[in-house]
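Heads up, input-v2.tsv below (TSV, C-alpha atoms and all ligand atoms):
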chain	number	residue	atom	x	y	z
U	1	MET	CA	24.10	-9.75	28.16
U	2	THR	CA	23.15	-6.17	27.22
U	3	GLU	CA	19.49	-5.33	26.52
U	4	PRO	CA	18.76	-4.77	22.82
U	5	VAL	CA	18.09	-1.14	21.90
U	6	PHE	CA	14.97	-0.71	19.77
U	7	HIS	CA	14.35	2.23	17.45
U	8	THR	CA	10.84	2.86	16.12
U	9	TYR	CA	10.05	3.62	12.46
U	10	PRO	CA	6.68	4.60	10.89
U	11	ALA	CA	5.05	2.85	7.90
U	12	PRO	CA	2.17	4.93	6.48
U	13	ALA	CA	-0.86	3.68	4.55
U	14	LYS	CA	-1.61	4.88	1.02
U	15	LEU	CA	-4.70	5.66	-1.02
U	16	ASN	CA	-4.88	5.27	-4.80
U	17	LEU	CA	-6.65	8.53	-5.72
U	18	ASN	CA	-7.33	6.91	-9.10
U	19	LEU	CA	-6.31	3.63	-10.71
U	20	LEU	CA	-6.34	2.97	-14.43
U	21	ILE	CA	-5.35	-0.45	-15.78
U	22	THR	CA	-3.66	0.30	-19.08
U	23	GLY	CA	-2.40	-3.12	-20.21
U	24	LYS	CA	-0.81	-6.41	-19.23
U	25	ARG	CA	2.81	-7.57	-19.32
U	26	ASP	CA	3.88	-10.93	-20.69
U	27	ASP	CA	4.51	-12.18	-17.13
U	28	GLY	CA	0.85	-11.56	-16.22
U	29	TYR	CA	1.38	-8.34	-14.21
U	30	HIS	CA	-0.92	-5.47	-15.14
U	31	LEU	CA	0.24	-2.01	-16.17
U	32	LEU	CA	-1.21	0.83	-14.11
U	33	ASP	CA	-1.54	4.58	-14.13
U	34	SER	CA	-2.28	5.66	-10.57
U	35	ASP	CA	-1.80	8.58	-8.18
U	36	PHE	CA	-0.60	7.43	-4.75
U	37	ARG	CA	-1.16	9.53	-1.63
U	38	PHE	CA	0.28	8.74	1.79
U	39	ILE	CA	-2.08	9.18	4.77
U	40	ASP	CA	-1.38	9.58	8.47
U	41	LEU	CA	-2.61	6.11	9.49
U	42	CYS	CA	0.65	4.28	10.21
U	43	ASP	CA	1.93	0.89	11.31
U	44	SER	CA	5.14	1.15	13.29
U	45	ILE	CA	8.10	-1.17	13.50
U	46	ASP	CA	10.57	-1.41	16.39
U	47	ILE	CA	13.96	-2.57	15.17
U	48	ALA	CA	17.02	-3.66	17.19
U	49	LEU	CA	20.32	-4.84	15.76
U	50	ARG	CA	21.52	-8.42	16.37
U	51	ASP	CA	25.06	-9.58	15.84
U	52	ASP	CA	24.15	-13.26	15.26
U	53	GLY	CA	22.86	-12.48	11.76
U	54	ASP	CA	19.31	-13.74	12.49
U	55	ILE	CA	16.15	-11.94	11.41
U	56	VAL	CA	13.55	-12.45	14.14
U	57	LEU	CA	9.97	-11.18	14.10
U	58	LEU	CA	9.05	-11.13	17.80
U	59	ASN	CA	5.25	-10.88	17.30
U	60	PRO	CA	4.11	-12.55	14.06
U	61	ILE	CA	0.64	-11.54	12.79
U	62	PRO	CA	-1.88	-14.33	13.50
U	63	GLY	CA	-2.32	-16.26	10.24
U	64	VAL	CA	0.88	-14.90	8.63
U	65	PRO	CA	3.91	-17.14	9.34
U	66	ALA	CA	6.97	-15.06	10.28
U	67	ASP	CA	8.92	-16.35	7.26
U	68	SER	CA	6.28	-14.97	4.86
U	69	ASP	CA	5.83	-11.65	6.64
U	70	LEU	CA	6.94	-8.89	4.30
U	71	THR	CA	9.09	-7.31	7.05
U	72	VAL	CA	11.14	-10.50	7.46
U	73	ARG	CA	11.34	-11.05	3.70
U	74	ALA	CA	12.53	-7.45	3.23
U	75	ALA	CA	15.26	-7.81	5.85
U	76	ARG	CA	16.51	-11.11	4.35
U	77	LEU	CA	16.50	-9.64	0.85
U	78	LEU	CA	18.62	-6.71	2.00
U	79	GLN	CA	21.05	-9.08	3.76
U	80	GLN	CA	21.48	-11.03	0.52
U	81	ALA	CA	21.84	-7.96	-1.67
U	82	SER	CA	24.27	-6.11	0.60
U	83	GLY	CA	26.19	-9.07	1.99
U	84	SER	CA	25.60	-7.73	5.51
U	85	THR	CA	26.28	-10.26	8.28
U	86	GLN	CA	24.23	-8.31	10.82
U	87	GLY	CA	20.74	-9.37	11.91
U	88	ALA	CA	17.71	-7.66	13.42
U	89	SER	CA	14.86	-8.20	15.87
U	90	LEU	CA	11.58	-6.72	14.65
U	91	ARG	CA	8.41	-5.87	16.56
U	92	LEU	CA	5.43	-4.94	14.42
U	93	HIS	CA	2.55	-2.70	15.54
U	94	LYS	CA	-0.24	-3.20	12.98
U	95	ARG	CA	-2.84	-0.46	12.68
U	96	ILE	CA	-3.43	-0.52	8.92
U	97	PRO	CA	-6.26	-2.94	8.05
U	98	MET	CA	-4.96	-5.94	6.11
U	99	GLY	CA	-6.16	-6.73	2.60
U	100	GLY	CA	-7.75	-3.29	2.47
U	101	GLY	CA	-5.94	-1.77	-0.52
U	102	LEU	CA	-4.08	0.51	1.91
U	103	GLY	CA	-0.67	-1.03	1.20
U	104	GLY	CA	0.20	-1.88	4.81
U	105	GLY	CA	2.35	-4.93	4.12
U	106	SER	CA	4.22	-3.15	1.32
U	107	SER	CA	4.78	-0.10	3.51
U	108	ASP	CA	6.12	-2.27	6.35
U	109	ALA	CA	8.56	-3.88	3.90
U	110	ALA	CA	9.71	-0.48	2.59
U	111	THR	CA	10.26	0.85	6.11
U	112	VAL	CA	12.40	-2.18	7.00
U	113	LEU	CA	14.50	-1.70	3.84
U	114	LEU	CA	14.98	2.03	4.54
U	115	ALA	CA	15.75	1.53	8.24
U	116	LEU	CA	18.12	-1.45	7.92
U	117	ASN	CA	19.96	0.15	5.01
U	118	ARG	CA	20.89	2.88	7.51
U	119	LEU	CA	21.36	0.72	10.62
U	120	TRP	CA	23.50	-1.87	8.85
U	121	GLY	CA	25.38	0.85	6.96
U	122	CYS	CA	24.70	-0.83	3.59
U	123	GLY	CA	24.83	2.46	1.68
U	124	LEU	CA	22.37	1.39	-1.04
U	125	SER	CA	20.87	4.30	-2.98
U	126	ARG	CA	17.13	4.99	-2.90
U	127	ALA	CA	16.94	3.75	-6.52
U	128	ALA	CA	18.70	0.49	-5.60
U	129	LEU	CA	16.33	-0.04	-2.66
U	130	MET	CA	13.36	0.53	-4.97
U	131	GLN	CA	14.69	-2.14	-7.34
U	132	LEU	CA	14.97	-4.55	-4.42
U	133	GLY	CA	11.52	-3.55	-3.13
U	134	VAL	CA	9.66	-4.36	-6.34
U	135	LYS	CA	10.79	-7.99	-5.92
U	136	LEU	CA	8.62	-8.10	-2.79
U	137	GLY	CA	5.55	-6.44	-4.31
U	138	ALA	CA	4.48	-3.91	-6.93
U	139	ASP	CA	3.44	-1.43	-4.23
U	140	VAL	CA	6.76	-1.40	-2.34
U	141	PRO	CA	8.74	1.08	-4.54
U	142	VAL	CA	6.41	4.06	-3.93
U	143	PHE	CA	6.93	3.82	-0.18
U	144	ILE	CA	10.72	3.92	-0.70
U	145	PHE	CA	10.37	6.78	-3.21
U	146	GLY	CA	8.81	8.64	-0.30
U	147	ARG	CA	6.76	11.31	-2.04
U	148	ASN	CA	3.18	11.31	-3.27
U	149	ALA	CA	3.56	10.03	-6.80
U	150	ARG	CA	2.02	9.13	-10.09
U	151	ALA	CA	2.94	5.52	-10.78
U	152	THR	CA	3.11	3.79	-14.13
U	153	GLY	CA	4.58	0.43	-15.19
U	154	ILE	CA	3.45	-2.01	-12.49
U	155	GLY	CA	3.97	0.74	-9.91
U	156	GLU	CA	7.75	1.09	-10.16
U	157	GLN	CA	7.95	4.08	-12.53
U	158	LEU	CA	7.33	7.05	-10.29
U	159	SER	CA	7.13	10.80	-10.61
U	160	GLU	CA	6.44	13.19	-7.75
U	161	ILE	CA	3.06	14.92	-7.64
U	162	SER	CA	2.01	17.80	-5.48
U	163	LEU	CA	-1.38	17.48	-3.81
U	164	PRO	CA	-3.48	19.97	-1.87
U	165	GLU	CA	-4.25	19.49	1.84
U	166	ALA	CA	-7.09	17.03	2.23
U	167	TRP	CA	-8.76	14.73	4.74
U	168	TYR	CA	-10.24	11.37	3.91
U	169	VAL	CA	-13.16	9.42	5.32
U	170	VAL	CA	-12.12	5.77	4.90
U	171	LEU	CA	-14.67	2.98	5.33
U	172	GLN	CA	-13.45	-0.54	5.88
U	173	PRO	CA	-15.92	-3.22	4.71
U	174	THR	CA	-15.52	-6.38	6.75
U	175	VAL	CA	-13.90	-8.38	3.95
U	176	GLN	CA	-10.26	-8.92	2.97
U	177	VAL	CA	-9.80	-8.76	-0.78
U	178	PRO	CA	-7.07	-10.93	-2.36
U	179	THR	CA	-5.29	-8.70	-4.92
U	180	ALA	CA	-4.34	-11.57	-7.27
U	181	ALA	CA	-7.96	-12.79	-7.56
U	182	VAL	CA	-9.18	-9.30	-8.45
U	183	PHE	CA	-6.61	-8.83	-11.22
U	184	LYS	CA	-7.41	-12.32	-12.50
U	185	GLU	CA	-11.13	-11.55	-12.73
U	186	PHE	CA	-10.41	-8.18	-14.41
U	187	SER	CA	-8.24	-10.00	-16.97
U	188	ARG	CA	-10.97	-12.56	-17.63
U	189	ARG	CA	-13.40	-9.73	-18.32
U	190	VAL	CA	-10.99	-8.12	-20.78
U	191	LEU	CA	-10.59	-11.44	-22.61
U	192	THR	CA	-14.37	-11.91	-22.83
U	193	GLY	CA	-15.00	-8.31	-23.92
U	194	GLN	CA	-16.79	-7.33	-20.67
U	195	ALA	CA	-14.04	-4.82	-19.75
U	196	GLY	CA	-11.30	-2.97	-21.56
U	197	PHE	CA	-7.93	-1.44	-20.79
U	198	SER	CA	-7.91	2.32	-20.13
U	199	THR	CA	-5.65	4.62	-22.08
U	200	MET	CA	-2.72	6.04	-20.15
U	201	ARG	CA	-3.52	9.68	-19.46
U	202	THR	CA	-1.37	12.43	-20.92
U	203	LEU	CA	0.33	14.93	-18.62
U	204	ALA	CA	-2.21	17.55	-19.68
U	205	THR	CA	-5.19	15.52	-18.51
U	206	THR	CA	-6.73	15.97	-15.09
U	207	PRO	CA	-6.54	12.60	-13.35
U	208	PRO	CA	-9.89	10.85	-13.59
U	209	ARG	CA	-11.53	9.81	-10.31
U	210	GLN	CA	-11.78	6.26	-11.53
U	211	ASN	CA	-10.68	2.85	-10.30
U	212	ASP	CA	-10.84	0.20	-13.02
U	213	LEU	CA	-10.92	-2.61	-10.42
U	214	GLN	CA	-13.90	-1.16	-8.54
U	215	SER	CA	-16.76	-2.77	-10.49
U	216	VAL	CA	-15.05	-6.19	-10.36
U	217	VAL	CA	-14.65	-5.94	-6.57
U	218	CYS	CA	-18.20	-4.61	-6.04
U	219	GLN	CA	-19.59	-7.66	-7.81
U	220	MET	CA	-17.38	-10.08	-5.90
U	221	TYR	CA	-17.94	-8.36	-2.53
U	222	PRO	CA	-21.32	-6.61	-2.12
U	223	ALA	CA	-20.12	-5.12	1.20
U	224	VAL	CA	-17.77	-2.86	-0.80
U	225	ASN	CA	-20.68	-1.64	-2.91
U	226	GLU	CA	-22.70	-0.90	0.24
U	227	ALA	CA	-19.92	1.24	1.70
U	228	LEU	CA	-19.58	3.16	-1.59
U	229	SER	CA	-23.36	3.73	-1.74
U	230	ALA	CA	-23.36	5.12	1.81
U	231	LEU	CA	-20.54	7.57	0.98
U	232	ARG	CA	-22.25	8.63	-2.27
U	233	GLU	CA	-24.81	10.46	-0.14
U	234	CYS	CA	-22.00	12.87	0.80
U	235	GLY	CA	-19.92	13.11	-2.40
U	236	SER	CA	-18.02	11.04	-4.97
U	237	PRO	CA	-16.19	8.18	-3.23
U	238	LEU	CA	-13.75	5.68	-4.73
U	239	MET	CA	-12.24	2.31	-3.81
U	240	THR	CA	-8.49	2.28	-3.08
U	241	GLY	CA	-6.25	-0.24	-4.91
U	242	SER	CA	-7.85	-3.67	-5.20
U	243	GLY	CA	-10.09	-2.88	-2.21
U	244	ALA	CA	-11.71	-3.49	0.14
U	245	CYS	CA	-11.48	0.04	1.64
U	246	VAL	CA	-13.32	2.97	0.05
U	247	PHE	CA	-12.76	6.67	0.70
U	248	LEU	CA	-14.21	10.13	0.27
U	249	GLU	CA	-11.93	13.16	-0.03
U	250	CYS	CA	-12.92	16.21	2.05
U	251	GLY	CA	-11.46	19.71	1.98
U	252	ASP	CA	-11.34	20.09	5.76
U	253	GLU	CA	-11.15	17.97	8.88
U	254	ASN	CA	-14.52	19.01	10.32
U	255	GLN	CA	-16.35	17.95	7.18
U	256	ALA	CA	-14.56	14.57	7.20
U	257	LYS	CA	-15.39	13.99	10.88
U	258	THR	CA	-19.05	14.94	10.33
U	259	VAL	CA	-19.38	12.52	7.41
U	260	TYR	CA	-17.67	9.74	9.36
U	261	ARG	CA	-19.84	10.31	12.46
U	262	SER	CA	-22.98	10.00	10.33
U	263	LEU	CA	-21.87	6.54	9.13
U	264	SER	CA	-19.91	5.12	12.05
U	265	SER	CA	-22.85	3.19	13.51
U	266	ARG	CA	-23.10	1.18	10.27
U	267	PHE	CA	-19.46	0.94	9.10
U	268	SER	CA	-16.03	0.68	10.64
U	269	GLY	CA	-13.49	3.09	9.36
U	270	PHE	CA	-11.52	6.19	10.28
U	271	VAL	CA	-10.65	9.75	9.26
U	272	ALA	CA	-7.12	10.32	7.97
U	273	LYS	CA	-5.13	13.36	6.88
U	274	GLY	CA	-3.34	13.29	3.55
U	275	LEU	CA	0.43	13.64	4.03
U	276	ALA	CA	2.75	15.78	1.93
U	277	ALA	CA	5.41	13.03	2.04
U	278	HIS	CA	6.36	9.74	3.72
U	279	PRO	CA	7.23	10.45	7.39
U	280	MET	CA	10.73	8.96	6.88
U	281	PHE	CA	11.43	11.07	3.83
U	282	ASP	CA	14.10	13.68	4.44
U	283	ARG	CA	14.86	16.06	1.65
U	284	GLU	CA	18.64	15.83	1.78
U	301	LIG	C1	-3.60	-2.94	-6.70
U	301	LIG	C2	-2.53	-2.18	-5.96
U	301	LIG	C3	-2.56	-0.70	-6.36
U	301	LIG	O1	-1.74	0.08	-5.55
U	301	LIG	O2	-2.65	-2.17	-4.54
U	301	LIG	P1	-3.30	-3.03	-3.34
U	301	LIG	O3	-4.76	-3.16	-3.54
U	301	LIG	O4	-2.64	-4.38	-3.33
U	301	LIG	O5	-2.96	-2.26	-2.09
U	301	LIG	C4	-1.12	-2.75	-6.32
U	301	LIG	O6	-0.85	-2.62	-7.68
U	301	LIG	C5	-0.86	-4.17	-5.91
U	301	LIG	O7	0.44	-4.26	-5.45
U	301	LIG	P2	0.90	-5.41	-4.42
U	301	LIG	O8	-0.15	-5.60	-3.36
U	301	LIG	O9	2.29	-5.09	-3.97
U	301	LIG	O10	0.83	-6.65	-5.36
U	301	LIG	P3	1.84	-7.87	-5.58
U	301	LIG	O11	2.05	-8.54	-4.27
U	301	LIG	O12	3.03	-7.42	-6.37
U	301	LIG	O13	0.96	-8.79	-6.54
U	301	LIG	C6	-0.05	-9.66	-6.10
U	301	LIG	C7	-0.68	-10.26	-7.36
U	301	LIG	O14	-1.56	-9.28	-7.97
U	301	LIG	C8	-1.44	-9.27	-9.38
U	301	LIG	N1	-0.93	-7.97	-9.84
U	301	LIG	C9	-0.39	-7.09	-8.95
U	301	LIG	C10	0.05	-5.85	-9.37
U	301	LIG	C11	-0.06	-5.54	-10.74
U	301	LIG	N2	0.37	-4.37	-11.21
U	301	LIG	N3	-0.59	-6.43	-11.62
U	301	LIG	C12	-1.04	-7.63	-11.17
U	301	LIG	O15	-1.55	-8.41	-11.98
U	301	LIG	C13	-0.49	-10.43	-9.73
U	301	LIG	O16	-1.29	-11.58	-9.94
U	301	LIG	C14	0.31	-10.62	-8.46
U	301	LIG	O17	0.75	-11.94	-8.31
U	302	LIG	N1	3.65	-7.06	7.46
U	302	LIG	C1	2.52	-7.40	6.85
U	302	LIG	N2	1.43	-6.65	7.01
U	302	LIG	C2	0.27	-6.97	6.38
U	302	LIG	N3	0.12	-8.02	5.56
U	302	LIG	C3	1.19	-8.80	5.35
U	302	LIG	C4	2.41	-8.53	5.98
U	302	LIG	N4	3.28	-9.45	5.57
U	302	LIG	C5	2.61	-10.27	4.73
U	302	LIG	N5	1.35	-9.90	4.59
U	302	LIG	C6	0.32	-10.56	3.72
U	302	LIG	O1	-0.06	-9.64	2.67
U	302	LIG	C7	-1.49	-9.62	2.50
U	302	LIG	C8	-1.99	-8.26	1.96
U	302	LIG	O2	-1.49	-7.28	2.76
U	302	LIG	P1	-1.82	-5.72	2.81
U	302	LIG	O3	-0.60	-4.99	2.41
U	302	LIG	O4	-2.34	-5.41	4.17
U	302	LIG	O5	-3.03	-5.48	1.83
U	302	LIG	P2	-3.21	-4.74	0.43
U	302	LIG	O6	-2.26	-5.39	-0.54
U	302	LIG	O7	-4.65	-4.96	0.14
U	302	LIG	O8	-2.91	-3.30	0.63
U	302	LIG	C9	-2.02	-9.97	3.90
U	302	LIG	O9	-3.29	-10.56	3.84
U	302	LIG	C10	-0.96	-10.91	4.46
U	302	LIG	O10	-1.26	-12.26	4.14

As a first step, turn the structure in this file into structure tokens.
Amino acid sequence: MTEPVFHTYPAPAKLNLNLLITGKRDDGYHLLDSDFRFIDLCDSIDIALRDDGDIVLLNPIPGVPADSDLTVRAARLLQQASGSTQGASLRLHKRIPMGGGLGGGSSDAATVLLALNRLWGCGLSRAALMQLGVKLGADVPVFIFGRNARATGIGEQLSEISLPEAWYVVLQPTVQVPTAAVFKEFSRRVLTGQAGFSTMRTLATTPPRQNDLQSVVCQMYPAVNEALSALRECGSPLMTGSGACVFLECGDENQAKTVYRSLSSRFSGFVAKGLAAHPMFDRE
């Protein structure tokens, strides 16, 4: 039997540079207005073709059964949608903290869709892959879109944005935040008048450095508040997505490293560079 040939594909993390919650759909999903930026912290996925049609994750994440891993779900969804009879073996190298608001699972799913669409020769357009991706999670389409983007709808309506070079100090409080619980608590606060929906910004407005989920998460998880307070000594930090990670934008790498060094004995985290585009994005 011939040895399988693996190819390796990157799956970058994202930051939400702002996150406004502008409303709620009838199905319970919330409407957002958010600027997504890719950063250079990446998972990577080794993929080899199989001709038996099986989708096999060789190294499941402890606590996440292979069948519920977003990489496996993405591959099976593409098989169904394209009618492909080919399979794949997947090996996942996780570096993006889980439940951190950095979109790791969604990015892994997007990378599998992009890679297998090519390897299986499915020929689905980027738009068709994005429509498939949103079935796996609201964050998946932006990673298939491939450029830093302003997202509206639940995250599936995307327009490219151009962002200056920047480095980010990211602190990772030692909690995993369940996205659904955070949205649920935000919704409860809206219903009881303790919070309100933001207005979608107009094109002319400078994006506010605001995350409407931040105060909810800080109350549920004091560790997130502590990380924000520590970064506030150096600037104006923000939480990404539904947390738990928080970040501070810096204009140059030295500044970011200096800030991180001053906090690294108290917090885990890392310094990341903002990317101009997804590493798999080729401007054809
Ligand atoms: C908040 C954001 C911002 O980028 O990021 P993360 O913190 O997850 O990274 C995303 O909107 C998260 O997207 P994603 O993580 O793919 O969420 P999903 O799996 O689709 O949804 C998980 C649950 O969160 C709630 N949910 C999610 C997205 C949304 N726009 N409205 C919601 O109400 C729903 O209860 C849903 O069942
Ligand atoms: N490949 C994957 N990588 C990470 N998480 C995954 C993956 N597949 C499924 N999950 C599940 O999705 C949850 C949230 O994942 P993640 O994308 O890391 O966080 P967030 O939505 O906060 O950005 C995890 O706790 C895990 O149960």

One-decimal distance in Å that lies between atom C7 of ligand LIG 301 (chain U) and CA of Asn59 in chain U: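 Result for CA of Asn59 in chain U versus atom C7 of ligand LIG 301 (chain U): 25.4 Å, one decimal.
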
Around ligand LIG 302 (chain U), with edges along x, y and z and 4 Å added on all six sides, what centre and edge lengths do you get, in Å to one decimal, as lines of an AutoDock Vina configuration file?
center_x = -0.5
center_y = -7.8
center_z = 3.5
size_x = 16.3
size_y = 17.0
size_z = 16.0

Closest contacts (chain U/ligand LIG 302 (chain U), max 9 Å, all atoms listed in the file) as a Markdown table:
| residue | atom | partner | partner_atom | distance |
| --- | --- | --- | --- | --- |
| U:Ala13 | CA | U:LIG302 | O8 | 8.3 |
| U:Lys14 | CA | U:LIG302 | O8 | 8.3 |
| U:Asp43 | CA | U:LIG302 | N2 | 8.7 |
| U:Pro60 | CA | U:LIG302 | N1 | 8.6 |
| U:Ile61 | CA | U:LIG302 | C1 | 7.5 |
| U:Gly63 | CA | U:LIG302 | O10 | 7.4 |
| U:Val64 | CA | U:LIG302 | O10 | 5.6 |
| U:Pro65 | CA | U:LIG302 | C5 | 8.4 |
| U:Ala66 | CA | U:LIG302 | N4 | 8.2 |
| U:Ser68 | CA | U:LIG302 | C5 | 6.0 |
| U:Asp69 | CA | U:LIG302 | N4 | 3.5 |
| U:Leu70 | CA | U:LIG302 | N4 | 3.9 |
| U:Thr71 | CA | U:LIG302 | N1 | 5.5 |
| U:Val72 | CA | U:LIG302 | N4 | 8.2 |
| U:Arg73 | CA | U:LIG302 | N4 | 8.4 |
| U:Leu92 | CA | U:LIG302 | N1 | 7.5 |
| U:Lys94 | CA | U:LIG302 | N2 | 7.1 |
| U:Ile96 | CA | U:LIG302 | O4 | 6.9 |
| U:Pro97 | CA | U:LIG302 | O4 | 6.0 |
| U:Met98 | CA | U:LIG302 | O4 | 3.3 |
| U:Gly99 | CA | U:LIG302 | O7 | 3.4 |
| U:Gly100 | CA | U:LIG302 | O7 | 4.2 |
| U:Gly101 | CA | U:LIG302 | O7 | 3.5 |
| U:Leu102 | CA | U:LIG302 | O8 | 4.2 |
| U:Gly103 | CA | U:LIG302 | O8 | 3.2 |
| U:Gly104 | CA | U:LIG302 | O3 | 4.0 |
| U:Gly105 | CA | U:LIG302 | O3 | 3.4 |
| U:Ser106 | CA | U:LIG302 | O3 | 5.3 |
| U:Ser107 | CA | U:LIG302 | O3 | 7.4 |
| U:Asp108 | CA | U:LIG302 | N1 | 5.5 |
| U:Ala109 | CA | U:LIG302 | N1 | 6.8 |
| U:Gly137 | CA | U:LIG302 | O6 | 8.7 |
| U:Asp139 | CA | U:LIG302 | O6 | 7.9 |
| U:Gln176 | CA | U:LIG302 | O9 | 7.2 |
| U:Val177 | CA | U:LIG302 | O7 | 6.5 |
| U:Pro178 | CA | U:LIG302 | O7 | 6.9 |
| U:Thr179 | CA | U:LIG302 | O6 | 6.3 |
| U:Thr240 | CA | U:LIG302 | O8 | 8.7 |
| U:Gly241 | CA | U:LIG302 | O7 | 7.1 |
| U:Ser242 | CA | U:LIG302 | O7 | 6.4 |
| U:Gly243 | CA | U:LIG302 | O7 | 6.3 |
| U:Ala244 | CA | U:LIG302 | O7 | 7.2 |
| U:Cys245 | CA | U:LIG302 | O7 | 8.6 |

Take the residues from that selection and put them in a file with C-alpha atoms, as a PDB file, keeping the file's coordinate frame.
ATOM      1  CA  ALA U  13      -0.860   3.680   4.550  1.00  0.00           C
ATOM      2  CA  LYS U  14      -1.610   4.880   1.020  1.00  0.00           C
ATOM      3  CA  ASP U  43       1.930   0.890  11.310  1.00  0.00           C
ATOM      4  CA  PRO U  60       4.110 -12.550  14.060  1.00  0.00           C
ATOM      5  CA  ILE U  61       0.640 -11.540  12.790  1.00  0.00           C
ATOM      6  CA  GLY U  63      -2.320 -16.260  10.240  1.00  0.00           C
ATOM      7  CA  VAL U  64       0.880 -14.900   8.630  1.00  0.00           C
ATOM      8  CA  PRO U  65       3.910 -17.140   9.340  1.00  0.00           C
ATOM      9  CA  ALA U  66       6.970 -15.060  10.280  1.00  0.00           C
ATOM     10  CA  SER U  68       6.280 -14.970   4.860  1.00  0.00           C
ATOM     11  CA  ASP U  69       5.830 -11.650   6.640  1.00  0.00           C
ATOM     12  CA  LEU U  70       6.940  -8.890   4.300  1.00  0.00           C
ATOM     13  CA  THR U  71       9.090  -7.310   7.050  1.00  0.00           C
ATOM     14  CA  VAL U  72      11.140 -10.500   7.460  1.00  0.00           C
ATOM     15  CA  ARG U  73      11.340 -11.050   3.700  1.00  0.00           C
ATOM     16  CA  LEU U  92       5.430  -4.940  14.420  1.00  0.00           C
ATOM     17  CA  LYS U  94      -0.240  -3.200  12.980  1.00  0.00           C
ATOM     18  CA  ILE U  96      -3.430  -0.520   8.920  1.00  0.00           C
ATOM     19  CA  PRO U  97      -6.260  -2.940   8.050  1.00  0.00           C
ATOM     20  CA  MET U  98      -4.960  -5.940   6.110  1.00  0.00           C
ATOM     21  CA  GLY U  99      -6.160  -6.730   2.600  1.00  0.00           C
ATOM     22  CA  GLY U 100      -7.750  -3.290   2.470  1.00  0.00           C
ATOM     23  CA  GLY U 101      -5.940  -1.770  -0.520  1.00  0.00           C
ATOM     24  CA  LEU U 102      -4.080   0.510   1.910  1.00  0.00           C
ATOM     25  CA  GLY U 103      -0.670  -1.030   1.200  1.00  0.00           C
ATOM     26  CA  GLY U 104       0.200  -1.880   4.810  1.00  0.00           C
ATOM     27  CA  GLY U 105       2.350  -4.930   4.120  1.00  0.00           C
ATOM     28  CA  SER U 106       4.220  -3.150   1.320  1.00  0.00           C
ATOM     29  CA  SER U 107       4.780  -0.100   3.510  1.00  0.00           C
ATOM     30  CA  ASP U 108       6.120  -2.270   6.350  1.00  0.00           C
ATOM     31  CA  ALA U 109       8.560  -3.880   3.900  1.00  0.00           C
ATOM     32  CA  GLY U 137       5.550  -6.440  -4.310  1.00  0.00           C
ATOM     33  CA  ASP U 139       3.440  -1.430  -4.230  1.00  0.00           C
ATOM     34  CA  GLN U 176     -10.260  -8.920   2.970  1.00  0.00           C
ATOM     35  CA  VAL U 177      -9.800  -8.760  -0.780  1.00  0.00           C
ATOM     36  CA  PRO U 178      -7.070 -10.930  -2.360  1.00  0.00           C
ATOM     37  CA  THR U 179      -5.290  -8.700  -4.920  1.00  0.00           C
ATOM     38  CA  THR U 240      -8.490   2.280  -3.080  1.00  0.00           C
ATOM     39  CA  GLY U 241      -6.250  -0.240  -4.910  1.00  0.00           C
ATOM     40  CA  SER U 242      -7.850  -3.670  -5.200  1.00  0.00           C
ATOM     41  CA  GLY U 243     -10.090  -2.880  -2.210  1.00  0.00           C
ATOM     42  CA  ALA U 244     -11.710  -3.490   0.140  1.00  0.00           C
ATOM     43  CA  CYS U 245     -11.480   0.040   1.640  1.00  0.00           C
TER      44      CYS U 245
END

Nearest to ligand LIG 301 (chain U) by atom-to-atom distance, counting all atoms listed in the file, from U:Gln80, U:Gln214, U:Ser198, U:Ser159: U:Gln214

Between CA of Leu213 in chain U and CA of Gly196 in chain U - distance in Å to one decimal: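 Computing it gives 11.2 Å between the two atoms.
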
CA of Arg95 in chain U to CA of Gly269 in chain U, distance in Å rounded to a single decimal: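 These atoms are spaced 11.7 Å apart.
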
Within 8 Å of Asp51 in chain U using all atoms listed in the file, minus same-chain residues under 6 positions, as a list in words: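 Contacts, in chain order: Thr85, Gln86, Gly87 and Ala88 of chain U.
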
Nearest-residue call for Leu203 in chain U, choices U:Met239, U:Leu116, U:Val134, U:Ile161, using all atoms listed in the file: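 The closest residue to Leu203 in chain U is U:Ile161.
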
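Among the candidate residues U:Leu119, U:Ser236, U:Lys24, U:Ala181, the one lying nearest to Pro208 in chain U is U:Ser236, with distances computed using only C-alpha atoms.
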
Residue nearest ligand LIG 301 (chain U) - candidates U:Gly83, U:Gly133, U:Gly53, U:Gly121, atoms counted: only C-alpha atoms and all ligand atoms: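 Of all the options, U:Gly133 lies closest to ligand LIG 301 (chain U).
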
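Using all atoms listed in the file for every distance, the candidate list U:Leu78, U:Cys42, U:Ala256, U:Leu32 yields U:Leu32 as the residue closest to Ala138 in chain U.
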
Within 9 Å of Asp33 in chain U using all atoms listed in the file, minus same-chain residues under 2 positions, as a ChimeraX atom specification: /U:18-22,31,35,150-155,199-201

Just C-alpha atoms for this one: save the residues we selected as a compact mmCIF listing (two decimals), in the frame of the given file.
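The resulting file, result_16.txt, is reproduced below:
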# COMPACT_ATOMS: atom_id res chain seq x y z
CA ASN U 18 -7.33 6.91 -9.10
CA LEU U 19 -6.31 3.63 -10.71
CA LEU U 20 -6.34 2.97 -14.43
CA ILE U 21 -5.35 -0.45 -15.78
CA THR U 22 -3.66 0.30 -19.08
CA LEU U 31 0.24 -2.01 -16.17
CA ASP U 35 -1.80 8.58 -8.18
CA ARG U 150 2.02 9.13 -10.09
CA ALA U 151 2.94 5.52 -10.78
CA THR U 152 3.11 3.79 -14.13
CA GLY U 153 4.58 0.43 -15.19
CA ILE U 154 3.45 -2.01 -12.49
CA GLY U 155 3.97 0.74 -9.91
CA THR U 199 -5.65 4.62 -22.08
CA MET U 200 -2.72 6.04 -20.15
CA ARG U 201 -3.52 9.68 -19.46
